[in-house]
Amino acid sequence: PAPAPAPAEGAVPEVSIECWEEVPGLAACVSVRAELRGVLASPAGHFFALAEAHGANAVNVFRHPEGSARAATAACRLPRDEEVLGAELADAAVVVLTHSGLVRASLDASVQPVAPRAAAATDAKLPMGIDREALLRMLDMRGDD
């Protein structure tokens, strides 16, 4: 194939931007960070990170939920309350540049959050010896739902 022609002098070169799919909850996470410096996405799209201006937990990594109601999260712990000069998010690690040097934290895409336990049905007695079945019948008879 022939090489692409050079853009005319003074013309703005064409830029191709690949759009990343929607990530549920990303806008909510971004909106509560007053000193947000950047939003990063890993090349494979398994992770995204939010980098704030400074703090021991200034860089937070989120696992893409991929249809789940919950997703794993982690903070890249910096040695102290330092200014974040830059950050890079790869598929297996996040690297943060501070005045003290580089901080690298490994990432594991296989980690999944523990599912919350469903509330167990209880056969516990109601206070003052109230009969559970009688109470439910009485409430059903009220008919005000």
# chains A, B, ... in the order shown; residues from 1 in each chain; ligands from 1
$ residues_around --residues "Ser68 (chain A)" --least-positions-apart "2" --cutoff "12 Å" --atoms "only C-alpha atoms" --output "list in words"
Val23, Pro24, Gly25, Arg63, His64, Pro65, Glu66, Arg70, Ala71, Ala72, Gln112, Pro113, Val114 and Ala115 of chain A
$ residues_around --residues "region 30-43 of chain A" --least-positions-apart "3" --cutoff "8 Å" --atoms "only C-alpha atoms" --output "PyMOL selection string"
chain A and resi 26-27+46-53+88-91
$ closest_residue --among "A:Arg132, A:Val103, A:Leu126, A:Glu22" --to "Gly67 (chain A)" --atoms "only C-alpha atoms"
A:Glu22
$ atom_distance --atom1 "CA of Lys125 (chain A)" --atom2 "CA of Met141 (chain A)"
21.9 Å
$ residues_around --residues "Glu83 (chain A)" --least-positions-apart "2" --cutoff "10 Å" --atoms "only C-alpha atoms" --output "number ranges by chain"
A: 52-56, 58, 78, 80-81, 85-86, 97-100
$ atom_distance --atom1 "CA of Ala74 (chain A)" --atom2 "CA of Ala109 (chain A)"
11.9 Å
